>>> print(open('entry.cif').read())   # mmCIF, C-alpha atoms and all ligand atoms
data_coords
loop_
_atom_site.label_atom_id
_atom_site.label_comp_id
_atom_site.auth_asym_id
_atom_site.auth_seq_id
_atom_site.Cartn_x
_atom_site.Cartn_y
_atom_site.Cartn_z
CA MET A 273 -21.29 14.53 37.47
CA ILE A 274 -20.88 13.25 33.90
CA LYS A 275 -19.63 15.84 31.44
CA THR A 276 -21.50 15.61 28.17
CA ASN A 277 -23.35 17.90 25.78
CA PHE A 278 -25.96 15.26 25.12
CA PRO A 279 -29.48 15.48 26.59
CA ILE A 280 -29.08 12.14 28.37
CA ARG A 281 -32.21 12.54 30.47
CA GLN A 282 -34.33 12.63 27.29
CA PHE A 283 -32.32 9.74 25.87
CA ALA A 284 -33.27 7.50 28.78
CA ASP A 285 -36.74 6.70 27.41
CA LEU A 286 -35.78 6.19 23.78
CA GLN A 287 -35.32 2.80 22.22
CA THR A 288 -31.71 2.22 21.23
CA PRO A 289 -29.91 2.26 18.92
CA PHE A 290 -30.88 5.57 17.34
CA TYR A 291 -29.30 8.46 15.46
CA TYR A 292 -29.17 11.78 17.23
CA TYR A 293 -28.61 14.94 15.19
CA ASP A 294 -27.49 18.26 16.64
CA THR A 295 -29.41 20.53 14.27
CA ASN A 296 -27.88 23.64 15.86
CA LEU A 297 -24.47 22.46 14.76
CA LEU A 298 -25.82 21.62 11.30
CA ARG A 299 -27.22 25.14 11.01
CA LYS A 300 -23.96 26.74 12.19
CA THR A 301 -22.06 24.62 9.66
CA LEU A 302 -24.40 25.66 6.85
CA GLN A 303 -24.13 29.30 7.90
CA THR A 304 -20.34 28.99 7.66
CA VAL A 305 -20.50 27.32 4.25
CA ALA A 306 -22.88 30.00 2.97
CA GLU A 307 -20.70 32.86 4.28
CA GLU A 308 -17.37 31.48 3.09
CA SER A 309 -18.59 30.40 -0.35
CA SER A 310 -20.44 33.63 -1.05
CA LYS A 311 -17.17 35.56 -0.75
CA TYR A 312 -16.32 34.14 -4.18
CA GLN A 313 -19.85 33.54 -5.53
CA TYR A 314 -19.25 29.79 -5.40
CA HIS A 315 -22.23 27.48 -6.00
CA ILE A 316 -22.71 24.69 -3.45
CA HIS A 317 -24.54 21.43 -4.13
CA TYR A 318 -24.90 19.23 -1.07
CA ALA A 319 -23.94 15.59 -1.82
CA VAL A 320 -27.17 13.82 -0.86
CA LYS A 321 -25.47 10.44 -0.59
CA ALA A 322 -23.82 11.47 2.69
CA ASN A 323 -27.18 11.70 4.47
CA ALA A 324 -30.65 11.78 2.91
CA ASN A 325 -32.71 12.02 6.10
CA PRO A 326 -35.71 14.19 5.07
CA HIS A 327 -35.42 16.58 8.04
CA ILE A 328 -31.68 17.02 7.44
CA LEU A 329 -32.29 17.63 3.71
CA SER A 330 -34.99 20.20 4.39
CA ILE A 331 -32.67 22.16 6.73
CA ILE A 332 -29.87 22.06 4.15
CA GLN A 333 -32.03 23.29 1.28
CA SER A 334 -33.31 26.15 3.45
CA TYR A 335 -29.80 27.63 3.31
CA GLY A 336 -30.01 27.93 -0.47
CA LEU A 337 -27.78 24.98 -1.35
CA GLY A 338 -28.34 22.85 -4.42
CA ALA A 339 -28.09 19.05 -4.46
CA ASP A 340 -25.57 16.61 -5.90
CA CYS A 341 -27.34 13.31 -6.60
CA VAL A 342 -25.94 9.96 -7.68
CA SER A 343 -29.22 8.10 -8.32
CA GLY A 344 -32.83 8.62 -9.33
CA GLY A 345 -33.88 7.97 -5.75
CA GLU A 346 -31.65 10.80 -4.58
CA ILE A 347 -33.12 13.15 -7.22
CA GLN A 348 -36.58 12.29 -5.89
CA ALA A 349 -35.49 12.79 -2.28
CA ALA A 350 -33.89 16.14 -3.14
CA LEU A 351 -36.96 17.39 -5.01
CA GLN A 352 -39.24 16.22 -2.19
CA ALA A 353 -37.13 18.11 0.36
CA GLY A 354 -37.50 21.29 -1.66
CA PHE A 355 -34.22 21.54 -3.54
CA PRO A 356 -34.93 23.43 -6.79
CA ALA A 357 -34.40 21.26 -9.89
CA ASP A 358 -32.23 23.92 -11.47
CA LYS A 359 -29.70 23.42 -8.67
CA ILE A 360 -29.54 19.63 -8.98
CA VAL A 361 -26.53 17.92 -10.54
CA PHE A 362 -26.56 14.20 -11.30
CA ALA A 363 -23.36 12.11 -11.24
CA GLY A 364 -22.63 8.38 -11.24
CA VAL A 365 -20.95 5.82 -13.50
CA GLY A 366 -24.11 3.76 -13.97
CA LYS A 367 -27.12 5.94 -14.63
CA ALA A 368 -30.12 3.80 -15.65
CA ASP A 369 -32.45 4.97 -18.42
CA TRP A 370 -35.29 5.78 -15.99
CA GLU A 371 -32.91 7.86 -13.90
CA ILE A 372 -31.76 9.86 -16.91
CA ARG A 373 -35.39 10.37 -17.97
CA LEU A 374 -36.25 11.54 -14.45
CA GLY A 375 -33.48 14.14 -14.69
CA LEU A 376 -34.65 15.25 -18.13
CA ASP A 377 -38.32 15.41 -17.12
CA ASN A 378 -37.46 17.61 -14.16
CA ASP A 379 -35.04 19.80 -16.13
CA ILE A 380 -32.22 19.34 -13.65
CA PHE A 381 -29.30 21.72 -13.94
CA CYS A 382 -26.71 19.24 -15.18
CA PHE A 383 -25.75 15.62 -15.83
CA ASN A 384 -22.18 14.87 -14.81
CA ALA A 385 -21.43 12.27 -17.48
CA GLU A 386 -18.72 9.71 -16.92
CA SER A 387 -18.26 7.88 -20.26
CA LEU A 388 -18.92 7.98 -23.99
CA PRO A 389 -21.53 5.17 -23.88
CA GLU A 390 -23.40 7.13 -21.23
CA LEU A 391 -23.27 10.32 -23.32
CA THR A 392 -24.76 8.42 -26.25
CA VAL A 393 -27.68 7.20 -24.13
CA ILE A 394 -28.28 10.64 -22.61
CA ASN A 395 -28.32 12.08 -26.13
CA ASP A 396 -30.82 9.47 -27.37
CA LEU A 397 -33.16 9.88 -24.40
CA ALA A 398 -33.00 13.67 -24.63
CA ARG A 399 -33.81 13.58 -28.34
CA GLN A 400 -36.77 11.23 -27.70
CA THR A 401 -38.24 13.70 -25.18
CA GLY A 402 -37.48 16.71 -27.35
CA LYS A 403 -35.05 18.17 -24.85
CA THR A 404 -31.45 19.26 -24.76
CA ALA A 405 -29.50 17.73 -21.90
CA ARG A 406 -27.05 20.01 -20.12
CA VAL A 407 -23.94 17.95 -19.50
CA ALA A 408 -20.63 18.36 -17.69
CA LEU A 409 -17.89 15.87 -18.43
CA ARG A 410 -16.57 14.16 -15.34
CA ILE A 411 -12.85 14.05 -15.89
CA ASN A 412 -10.50 11.78 -14.00
CA PRO A 413 -7.71 14.28 -13.32
CA GLU A 414 -5.17 11.70 -12.09
CA VAL A 415 -4.67 13.42 -8.75
CA ASP A 416 -4.07 11.06 -5.83
CA ALA A 417 -6.18 12.15 -2.88
CA HIS A 418 -4.07 10.09 -0.44
CA THR A 419 -7.13 8.91 1.41
CA HIS A 420 -8.38 5.38 2.08
CA HIS A 421 -8.20 3.31 -1.14
CA HIS A 422 -11.95 2.62 -1.04
CA ILE A 423 -12.70 6.35 -1.22
CA THR A 424 -10.02 7.47 -3.68
CA THR A 425 -11.66 8.25 -7.00
CA GLY A 426 -9.31 10.43 -9.06
CA ILE A 427 -6.52 8.08 -10.13
CA LYS A 428 -6.26 6.23 -13.42
CA GLU A 429 -7.34 2.80 -12.23
CA ASN A 430 -10.61 4.05 -10.66
CA LYS A 431 -13.89 3.40 -12.44
CA PHE A 432 -14.88 7.05 -12.26
CA GLY A 433 -14.76 9.70 -14.94
CA ILE A 434 -13.21 10.07 -18.37
CA ASN A 435 -9.45 9.59 -18.46
CA LEU A 436 -7.45 12.56 -19.72
CA ASP A 437 -5.97 10.57 -22.61
CA GLN A 438 -9.47 9.76 -23.89
CA LEU A 439 -10.87 13.25 -23.64
CA ASP A 440 -10.11 14.21 -27.25
CA LYS A 441 -12.01 11.20 -28.52
CA VAL A 442 -15.00 12.05 -26.33
CA LEU A 443 -15.00 15.67 -27.48
CA ASP A 444 -14.87 14.57 -31.13
CA ALA A 445 -17.88 12.33 -30.53
CA LEU A 446 -19.76 15.06 -28.65
CA ALA A 447 -19.78 17.19 -31.78
CA ASN A 448 -22.24 14.70 -33.27
CA LEU A 449 -24.49 14.41 -30.21
CA SER A 450 -26.87 17.23 -31.00
CA SER A 451 -29.22 16.81 -28.04
CA ILE A 452 -26.40 17.45 -25.60
CA GLN A 453 -25.13 20.84 -24.58
CA LEU A 454 -21.68 20.78 -23.00
CA ILE A 455 -21.85 23.23 -20.09
CA GLY A 456 -19.06 22.19 -17.80
CA LEU A 457 -16.24 20.07 -16.49
CA HIS A 458 -16.62 18.03 -13.32
CA PHE A 459 -14.02 16.55 -10.96
CA HIS A 460 -14.19 14.62 -7.71
CA ILE A 461 -10.92 13.16 -6.47
CA GLY A 462 -11.99 11.39 -3.31
CA SER A 463 -13.43 11.71 0.14
CA GLN A 464 -12.20 12.55 3.66
CA LEU A 465 -9.22 14.60 2.46
CA THR A 466 -7.47 16.14 5.45
CA ASP A 467 -4.36 17.12 3.51
CA LEU A 468 -5.53 19.90 1.21
CA ASN A 469 -2.55 19.69 -1.18
CA PRO A 470 -4.37 17.42 -3.65
CA PHE A 471 -6.96 20.21 -4.11
CA ARG A 472 -4.13 22.59 -5.01
CA GLN A 473 -2.82 20.02 -7.50
CA LEU A 474 -6.33 19.69 -8.90
CA CYS A 475 -6.43 23.45 -9.55
CA HIS A 476 -3.15 23.27 -11.50
CA LYS A 477 -4.37 20.27 -13.49
CA ILE A 478 -7.59 22.02 -14.46
CA ASP A 479 -5.75 25.21 -15.40
CA ALA A 480 -3.56 23.20 -17.77
CA LEU A 481 -6.53 21.28 -19.13
CA GLN A 482 -8.42 24.49 -19.84
CA GLN A 483 -5.47 25.85 -21.82
CA GLN A 484 -5.51 22.67 -23.90
CA LEU A 485 -9.25 22.96 -24.47
CA LEU A 486 -8.94 26.61 -25.51
CA GLN A 487 -6.77 25.41 -28.39
CA ARG A 488 -9.80 23.43 -29.54
CA ASN A 489 -11.93 26.53 -29.01
CA ILE A 490 -13.70 24.94 -26.09
CA GLN A 491 -14.49 27.07 -23.07
CA VAL A 492 -17.15 25.77 -20.69
CA GLU A 493 -19.35 27.87 -18.44
CA ASN A 494 -19.07 25.73 -15.30
CA ILE A 495 -16.25 24.13 -13.35
CA ASN A 496 -17.29 21.69 -10.62
CA PHE A 497 -14.64 20.66 -8.09
CA GLY A 498 -16.75 17.93 -6.45
CA GLY A 499 -16.55 17.26 -2.72
CA GLY A 500 -14.09 15.55 -0.44
CA LEU A 501 -13.23 17.97 2.35
CA GLY A 502 -12.52 15.84 5.43
CA ILE A 503 -13.67 16.20 9.01
CA ASP A 504 -11.80 15.67 12.29
CA TYR A 505 -12.98 12.29 13.53
CA GLN A 506 -10.43 12.39 16.38
CA HIS A 507 -11.64 15.69 17.87
CA PRO A 508 -15.33 16.15 17.07
CA ASP A 509 -15.83 18.81 19.76
CA ASP A 510 -12.69 20.88 19.06
CA HIS A 511 -13.27 20.88 15.30
CA SER A 512 -17.01 20.59 14.97
CA ILE A 513 -17.06 22.78 11.83
CA PRO A 514 -14.54 22.02 9.06
CA ASP A 515 -12.26 24.81 7.87
CA PHE A 516 -14.32 25.92 4.88
CA LYS A 517 -12.52 29.28 4.88
CA THR A 518 -9.13 27.74 4.04
CA TYR A 519 -10.74 25.22 1.69
CA PHE A 520 -12.41 27.83 -0.52
CA GLU A 521 -9.36 30.11 -0.32
CA ILE A 522 -7.28 27.39 -1.96
CA PHE A 523 -9.49 27.33 -5.04
CA HIS A 524 -9.69 31.11 -5.12
CA GLN A 525 -5.91 31.39 -4.92
CA PHE A 526 -4.80 28.52 -7.15
CA PHE A 527 -7.49 28.11 -9.79
CA HIS A 528 -7.62 30.60 -12.64
CA ALA A 529 -11.21 30.77 -13.76
CA LEU A 530 -11.82 31.91 -17.31
CA PRO A 531 -14.01 35.01 -17.74
CA GLY A 532 -17.62 34.36 -16.72
CA GLN A 533 -16.96 30.87 -15.42
CA LYS A 534 -19.11 29.66 -12.52
CA ILE A 535 -17.49 27.51 -9.84
CA HIS A 536 -19.33 24.65 -8.12
CA PHE A 537 -18.65 22.35 -5.16
CA GLU A 538 -20.33 19.20 -3.87
CA PRO A 539 -19.56 18.83 -0.15
CA GLY A 540 -21.22 15.95 1.66
CA ARG A 541 -19.36 14.70 4.72
CA SER A 542 -18.09 18.15 5.69
CA ILE A 543 -21.66 19.44 6.03
CA VAL A 544 -23.38 16.61 7.92
CA GLY A 545 -20.56 14.52 9.45
CA GLN A 546 -20.15 16.16 12.84
CA CYS A 547 -23.83 16.84 13.60
CA GLY A 548 -24.77 13.14 13.76
CA ASN A 549 -24.21 10.56 16.48
CA LEU A 550 -25.14 6.95 16.84
CA ILE A 551 -26.46 6.31 20.35
CA ALA A 552 -26.36 2.72 21.56
CA ARG A 553 -26.84 0.87 24.82
CA THR A 554 -24.41 -1.55 26.39
CA LEU A 555 -25.89 -5.04 26.39
CA TYR A 556 -23.03 -6.86 28.06
CA VAL A 557 -19.53 -6.34 29.33
CA LYS A 558 -17.75 -9.57 28.59
CA GLU A 559 -14.42 -10.39 30.18
CA GLY A 560 -12.56 -12.63 27.73
CA SER A 561 -9.33 -14.35 28.70
CA VAL A 562 -7.17 -11.63 27.09
CA LYS A 563 -9.57 -8.74 26.48
CA LYS A 564 -12.65 -7.02 27.80
CA PHE A 565 -15.47 -6.46 25.32
CA VAL A 566 -18.22 -3.87 25.48
CA ILE A 567 -21.05 -5.41 23.46
CA LEU A 568 -23.47 -2.79 22.13
CA ASP A 569 -26.98 -3.09 20.71
CA ALA A 570 -25.70 -1.24 17.60
CA GLY A 571 -23.46 -2.83 15.01
CA PHE A 572 -22.24 -2.30 11.47
CA THR A 573 -25.87 -2.40 10.40
CA GLU A 574 -26.17 1.11 11.91
CA LEU A 575 -22.63 2.39 11.25
CA ILE A 576 -20.59 0.48 8.71
CA ARG A 577 -17.61 2.83 8.31
CA PRO A 578 -15.31 1.07 10.82
CA ALA A 579 -15.96 -2.33 9.19
CA LEU A 580 -15.81 -1.00 5.62
CA TYR A 581 -13.02 1.59 5.74
CA GLU A 582 -11.24 0.82 9.02
CA ALA A 583 -12.60 4.20 10.05
CA TYR A 584 -12.18 5.73 13.48
CA HIS A 585 -15.12 7.14 15.42
CA GLN A 586 -14.71 8.63 18.87
CA ILE A 587 -16.67 6.60 21.39
CA GLU A 588 -17.95 7.99 24.69
CA ASN A 589 -19.74 6.44 27.63
CA LEU A 590 -22.54 8.90 28.46
CA SER A 591 -23.57 7.08 31.65
CA SER A 592 -20.33 6.52 33.54
CA ASP A 593 -17.75 8.79 35.15
CA GLU A 594 -15.78 5.95 36.68
CA ALA A 595 -12.08 5.50 35.98
CA PRO A 596 -11.36 4.52 32.37
CA GLU A 597 -10.57 0.96 31.33
CA ILE A 598 -9.44 -0.60 28.06
CA TYR A 599 -12.08 -2.32 25.93
CA ASP A 600 -12.86 -3.61 22.47
CA VAL A 601 -16.22 -2.11 21.51
CA VAL A 602 -18.24 -4.46 19.32
CA GLY A 603 -21.75 -4.96 17.95
CA PRO A 604 -24.15 -7.92 18.03
CA ILE A 605 -23.88 -8.88 14.34
CA CYS A 606 -22.60 -12.36 13.57
CA GLU A 607 -19.45 -11.23 11.73
CA SER A 608 -15.98 -10.63 13.14
CA SER A 609 -15.80 -7.34 11.24
CA ASP A 610 -18.61 -6.05 13.47
CA CYS A 611 -16.18 -4.16 15.65
CA PHE A 612 -16.26 -0.40 16.26
CA ALA A 613 -12.90 -0.04 18.01
CA LYS A 614 -10.13 -2.14 19.51
CA GLN A 615 -8.35 -1.44 22.79
CA ILE A 616 -9.80 1.97 23.47
CA SER A 617 -10.18 3.75 26.75
CA LEU A 618 -13.73 4.14 28.03
CA ASN A 619 -15.05 5.06 31.46
CA ARG A 620 -15.72 1.80 33.30
CA THR A 621 -18.74 0.43 31.53
CA HIS A 622 -21.77 -1.50 32.81
CA ARG A 623 -24.78 -3.15 31.24
CA GLY A 624 -27.31 -0.45 30.33
CA ASP A 625 -24.79 2.38 29.85
CA LEU A 626 -25.50 4.72 26.92
CA ILE A 627 -22.64 4.92 24.44
CA ALA A 628 -22.21 7.66 21.80
CA LEU A 629 -20.40 7.01 18.53
CA ARG A 630 -19.47 10.47 17.37
CA SER A 631 -19.19 12.04 13.91
CA ALA A 632 -21.72 9.59 12.47
CA GLY A 633 -23.77 12.10 10.47
CA ALA A 634 -22.17 11.24 7.12
CA TYR A 635 -22.36 7.76 5.60
CA GLY A 636 -24.01 6.46 8.80
CA GLU A 637 -27.79 6.34 8.68
CA ILE A 638 -27.84 6.30 4.89
CA MET A 639 -25.74 3.12 4.77
CA ALA A 640 -27.75 1.28 7.42
CA SER A 641 -28.94 -2.20 6.51
CA GLN A 642 -31.35 -4.79 7.79
CA TYR A 643 -28.79 -7.59 7.88
CA ASN A 644 -29.64 -10.19 10.54
CA CYS A 645 -33.30 -9.04 10.15
CA ARG A 646 -32.59 -5.97 12.19
CA GLN A 647 -34.89 -2.97 11.99
CA LEU A 648 -33.63 0.35 10.67
CA PRO A 649 -33.27 2.67 13.67
CA LYS A 650 -35.12 5.95 14.26
CA SER A 651 -33.54 9.35 14.22
CA TYR A 652 -34.03 12.20 16.67
CA PHE A 653 -33.14 15.86 16.40
CA SER A 654 -32.02 18.40 19.00
CA ASP A 655 -34.64 20.87 17.75
CA SER A 656 -37.55 18.50 18.35
CA LEU A 657 -36.63 16.11 21.18
C1 LIG A 701 -19.43 11.23 -2.77
C2 LIG A 701 -19.39 12.37 -3.71
C3 LIG A 701 -19.34 13.68 -3.22
C4 LIG A 701 -19.27 14.02 -1.75
O1 LIG A 701 -18.09 13.63 -1.15
P1 LIG A 701 -17.76 14.05 0.35
O2 LIG A 701 -16.43 13.46 0.59
O3 LIG A 701 -18.81 13.48 1.22
O4 LIG A 701 -17.73 15.54 0.40
C5 LIG A 701 -19.34 14.71 -4.14
N1 LIG A 701 -19.39 14.47 -5.47
C6 LIG A 701 -19.45 13.23 -5.97
C7 LIG A 701 -19.52 13.04 -7.44
C8 LIG A 701 -19.45 12.14 -5.12
O5 LIG A 701 -19.49 10.91 -5.62
#
>>> encode(input="entry.cif", output="structure tokens")
Amino acid sequence: MIKTNFPIRQFADLQTPFYYYDTNLLRKTLQTVAEESSKYQYHIHYAVKANANPHILSIIQSYGLGADCVSGGEIQAALQAGFPADKIVFAGVGKADWEIRLGLDNDIFCFNAESLPELTVINDLARQTGKTARVALRINPEVDAHTHHHITTGIKENKFGINLDQLDKVLDALANLSSIQLIGLHFHIGSQLTDLNPFRQLCHKIDALQQQLLQRNIQVENINFGGGLGIDYQHPDDHSIPDFKTYFEIFHQFFHALPGQKIHFEPGRSIVGQCGNLIARTLYVKEGSVKKFVILDAGFTELIRPALYEAYHQIENLSSDEAPEIYDVVGPICESSDCFAKQISLNRTHRGDLIALRSAGAYGEIMASQYNCRQLPKSYFSDSL
């Protein structure tokens, strides 16, 4: 008997590859986030870029979360899914004019602005539409998240945010931008943080920064800590829900909010990562001269994280309980980087076996491409199989 929590009998008739979402787990995760964050009246904006599947978005908004968007398309997707505009924040280093206008027209809660040129454009567009834009300054706090270099965002050489040594200049300029209301400070130091120390450092940095700003008589209403809480890719079943309790406790313990200040977070991966799986079928088992390859009908077109970030995803054979063997697991795309894992142990695998790539809910489906003229796969949900 094969031990798996997946409904493999229902899977048998579905065309592979496809995404399979455990919506029970998503709901439990959201329940946990809601409980743990409400202890401190924290405001949570789900980072839409992690997964913008309409069904997933509609479940997330039903738990009262706001949305963190990084494009006009994401603002539209969030509004369509039912996120209230007054809980939408909009970040990104390259906001186009139409995207800024979309935010203004819908009266979103806040623009997280990343540079002086952007502030100038937001100010102009707001004035043209007779509005005042609520803006938080995205500050680059120079905290190293110690995560993969492609997903580190809070050190000096990154393109994100306003560097601390330029903040004074930006604040001077803001005084003349009369269609902008400064309502907050925004930070996001990186993604997939499993060591929580950088968040502690971030708290200290912001405390110090706020003291500096007080000397200029600046006290903002909102502090936004961004996202970045990591998930356990090695043990998706043992740690299916990230430790939000400890995460929020850190900010409660180490950050000293000024009177009346509202605290915001933008978790993405930690909310949707573990509920998603990529389900593929084995096309061939190829015995090379030095290695055995399991060749799947899914590739980096369906899950690009291993190719892009050297990321690990647990891989399980859902069809075999035979003794494990060592394989490279690869996709059909004509690129050598189309490899999910090298030299991993998998129950002896045959053509036709169903393979699950775990923890694929974040930055999986949303990053899918049609390279090699492949079709974007369907998604299925445990609540409607
Ligand atoms: C990507 C991103 C997030 C979400 O990051 P996760 O690591 O998925 O939690 C939050 N805020 C901003 C500004 C982002 O760019």
>>> residues_near_ligand(input="entry.cif", ligand="ligand LIG 701 (chain A)", cutoff="8 Å", atoms="only C-alpha atoms and all ligand atoms", output="list in words")
Tyr318, Ala319, Val320, Lys321, Ala322, Asp340, Cys341, Val342, Ala363, Gly364, Phe459, His460, Gly462, Ser463, Gln464, Leu465, Gly498, Gly499, Gly500, Leu501, Gly502, Phe537, Glu538, Pro539, Gly540, Arg541, Ser542, Ile543 and Ala634 of chain A
>>> residues_near_point(input="entry.cif", point="(-27.7, 19.4, -18.0)", cutoff="7 Å", atoms="all atoms listed in the file", output="CSV table (one decimal) with C-alpha atoms, keeping the file's coordinate frame")
chain,number,residue,atom,x,y,z
A,380,ILE,CA,-32.2,19.3,-13.6
A,381,PHE,CA,-29.3,21.7,-13.9
A,382,CYS,CA,-26.7,19.2,-15.2
A,383,PHE,CA,-25.8,15.6,-15.8
A,405,ALA,CA,-29.5,17.7,-21.9
A,406,ARG,CA,-27.0,20.0,-20.1
A,407,VAL,CA,-23.9,18.0,-19.5
>>> residues_around(input="entry.cif", residues="A:Pro289", least_positions_apart="2", cutoff="6 Å", atoms="all atoms listed in the file", output="ChimeraX atom specification")
/A:551-552,570
>>> residues_around(input="entry.cif", residues="stretch 470-477 of chain A", least_positions_apart="4", cutoff="10 Å", atoms="all atoms listed in the file", output="VMD selection string")
chain A and resid 413 to 418 426 459 to 462 465 to 466 481 to 482 497 500 to 501 519 522 to 529
>>> closest_residue(input="entry.cif", among="A:Leu388, A:Ser631, A:Phe355, A:Gln491", to="A:Gln506", atoms="all atoms listed in the file")
A:Ser631
>>> atom_distance(input="entry.cif", atom1="atom CA of A:Gly548", atom2="atom CA of A:Gly636")
8.4 Å
>>> residues_around(input="entry.cif", residues="A:Tyr291", least_positions_apart="6", cutoff="9 Å", atoms="all atoms listed in the file", output="MDAnalysis selection string")
chainID A and resid 548:552 574 632:633 636:637 649:653
>>> atom_distance(input="entry.cif", atom1="atom CA of A:Gly571", atom2="atom CA of A:Tyr643")
10.1 Å
>>> closest_atom_pairs(input="entry.cif", of="stretch 460-559 of chain A", to="stretch 602-616 of chain A", cutoff="12 Å", atoms="all atoms listed in the file", output="JSON lines")
{"residue": "A:Leu550", "atom": "CA", "partner": "A:Phe612", "partner_atom": "CA", "distance": 11.5}
{"residue": "A:Ala552", "atom": "CA", "partner": "A:Gly603", "partner_atom": "CA", "distance": 9.7}
{"residue": "A:Arg553", "atom": "CA", "partner": "A:Gly603", "partner_atom": "CA", "distance": 10.3}
{"residue": "A:Thr554", "atom": "CA", "partner": "A:Gly603", "partner_atom": "CA", "distance": 9.5}
{"residue": "A:Leu555", "atom": "CA", "partner": "A:Pro604", "partner_atom": "CA", "distance": 9.0}
{"residue": "A:Tyr556", "atom": "CA", "partner": "A:Pro604", "partner_atom": "CA", "distance": 10.1}
{"residue": "A:Val557", "atom": "CA", "partner": "A:Val602", "partner_atom": "CA", "distance": 10.3}
{"residue": "A:Lys558", "atom": "CA", "partner": "A:Val602", "partner_atom": "CA", "distance": 10.6}
>>> residues_around(input="entry.cif", residues="A:Ile280", least_positions_apart="3", cutoff="9 Å", atoms="only C-alpha atoms", output="VMD selection string")
chain A and resid 276 to 277 283 to 284 590 to 591 626
>>> atom_distance(input="entry.cif", atom1="atom CA of A:Asn619", atom2="atom CA of A:Glu594")
5.3 Å
>>> residues_around(input="entry.cif", residues="A:Ile347", least_positions_apart="3", cutoff="9 Å", atoms="only C-alpha atoms", output="MDAnalysis selection string")
chainID A and resid 320 339:344 350:352 357 360:362 371 374:375 380
>>> closest_residue(input="entry.cif", among="A:Ala324, A:Leu436, A:Leu376, A:Leu454", to="A:Ala408", atoms="all atoms listed in the file")
A:Leu454
>>> closest_residue(input="entry.cif", among="A:Ser561, A:Val601, A:Phe572, A:Gly545", to="A:Arg646", atoms="all atoms listed in the file")
A:Phe572
>>> closest_residue(input="entry.cif", among="A:Ser451, A:His317, A:Val544, A:Val365", to="A:Thr295", atoms="all atoms listed in the file")
A:Val544
>>> closest_residue(input="entry.cif", among="A:Leu457, A:Gly338, A:Asp510, A:Ala628", to="A:Ile316", atoms="only C-alpha atoms")
A:Gly338
>>> decode(input="entry.cif", residues="stretch 478-489 of chain A", atoms="N, CA and C atoms", output="PDB file, in the first residue's frame")
ATOM      1  N   ILE A 478      15.112  50.081  12.245  1.00  0.00           N
ATOM      2  CA  ILE A 478      13.968  50.983  12.102  1.00  0.00           C
ATOM      3  C   ILE A 478      13.803  51.835  13.365  1.00  0.00           C
ATOM      4  N   ASP A 479      14.044  51.233  14.526  1.00  0.00           N
ATOM      5  CA  ASP A 479      14.014  52.017  15.761  1.00  0.00           C
ATOM      6  C   ASP A 479      14.952  53.219  15.651  1.00  0.00           C
ATOM      7  N   ALA A 480      16.183  52.945  15.212  1.00  0.00           N
ATOM      8  CA  ALA A 480      17.184  54.009  15.113  1.00  0.00           C
ATOM      9  C   ALA A 480      16.752  55.049  14.075  1.00  0.00           C
ATOM     10  N   LEU A 481      16.242  54.553  12.959  1.00  0.00           N
ATOM     11  CA  LEU A 481      15.803  55.461  11.895  1.00  0.00           C
ATOM     12  C   LEU A 481      14.677  56.370  12.379  1.00  0.00           C
ATOM     13  N   GLN A 482      13.759  55.788  13.145  1.00  0.00           N
ATOM     14  CA  GLN A 482      12.639  56.602  13.635  1.00  0.00           C
ATOM     15  C   GLN A 482      13.117  57.700  14.575  1.00  0.00           C
ATOM     16  N   GLN A 483      14.136  57.396  15.386  1.00  0.00           N
ATOM     17  CA  GLN A 483      14.684  58.423  16.272  1.00  0.00           C
ATOM     18  C   GLN A 483      15.265  59.576  15.455  1.00  0.00           C
ATOM     19  N   GLN A 484      15.970  59.197  14.371  1.00  0.00           N
ATOM     20  CA  GLN A 484      16.530  60.223  13.482  1.00  0.00           C
ATOM     21  C   GLN A 484      15.422  61.087  12.886  1.00  0.00           C
ATOM     22  N   LEU A 485      14.354  60.411  12.426  1.00  0.00           N
ATOM     23  CA  LEU A 485      13.266  61.142  11.770  1.00  0.00           C
ATOM     24  C   LEU A 485      12.546  62.056  12.754  1.00  0.00           C
ATOM     25  N   LEU A 486      12.443  61.622  14.015  1.00  0.00           N
ATOM     26  CA  LEU A 486      11.783  62.451  15.023  1.00  0.00           C
ATOM     27  C   LEU A 486      12.497  63.786  15.164  1.00  0.00           C
ATOM     28  N   GLN A 487      13.834  63.758  14.963  1.00  0.00           N
ATOM     29  CA  GLN A 487      14.584  65.016  15.044  1.00  0.00           C
ATOM     30  C   GLN A 487      14.212  65.968  13.914  1.00  0.00           C
ATOM     31  N   ARG A 488      13.678  65.408  12.838  1.00  0.00           N
ATOM     32  CA  ARG A 488      13.162  66.260  11.758  1.00  0.00           C
ATOM     33  C   ARG A 488      11.668  66.496  11.921  1.00  0.00           C
ATOM     34  N   ASN A 489      11.131  66.068  13.063  1.00  0.00           N
ATOM     35  CA  ASN A 489       9.696  66.185  13.312  1.00  0.00           C
ATOM     36  C   ASN A 489       8.846  65.321  12.390  1.00  0.00           C
TER      37      ASN A 489
END
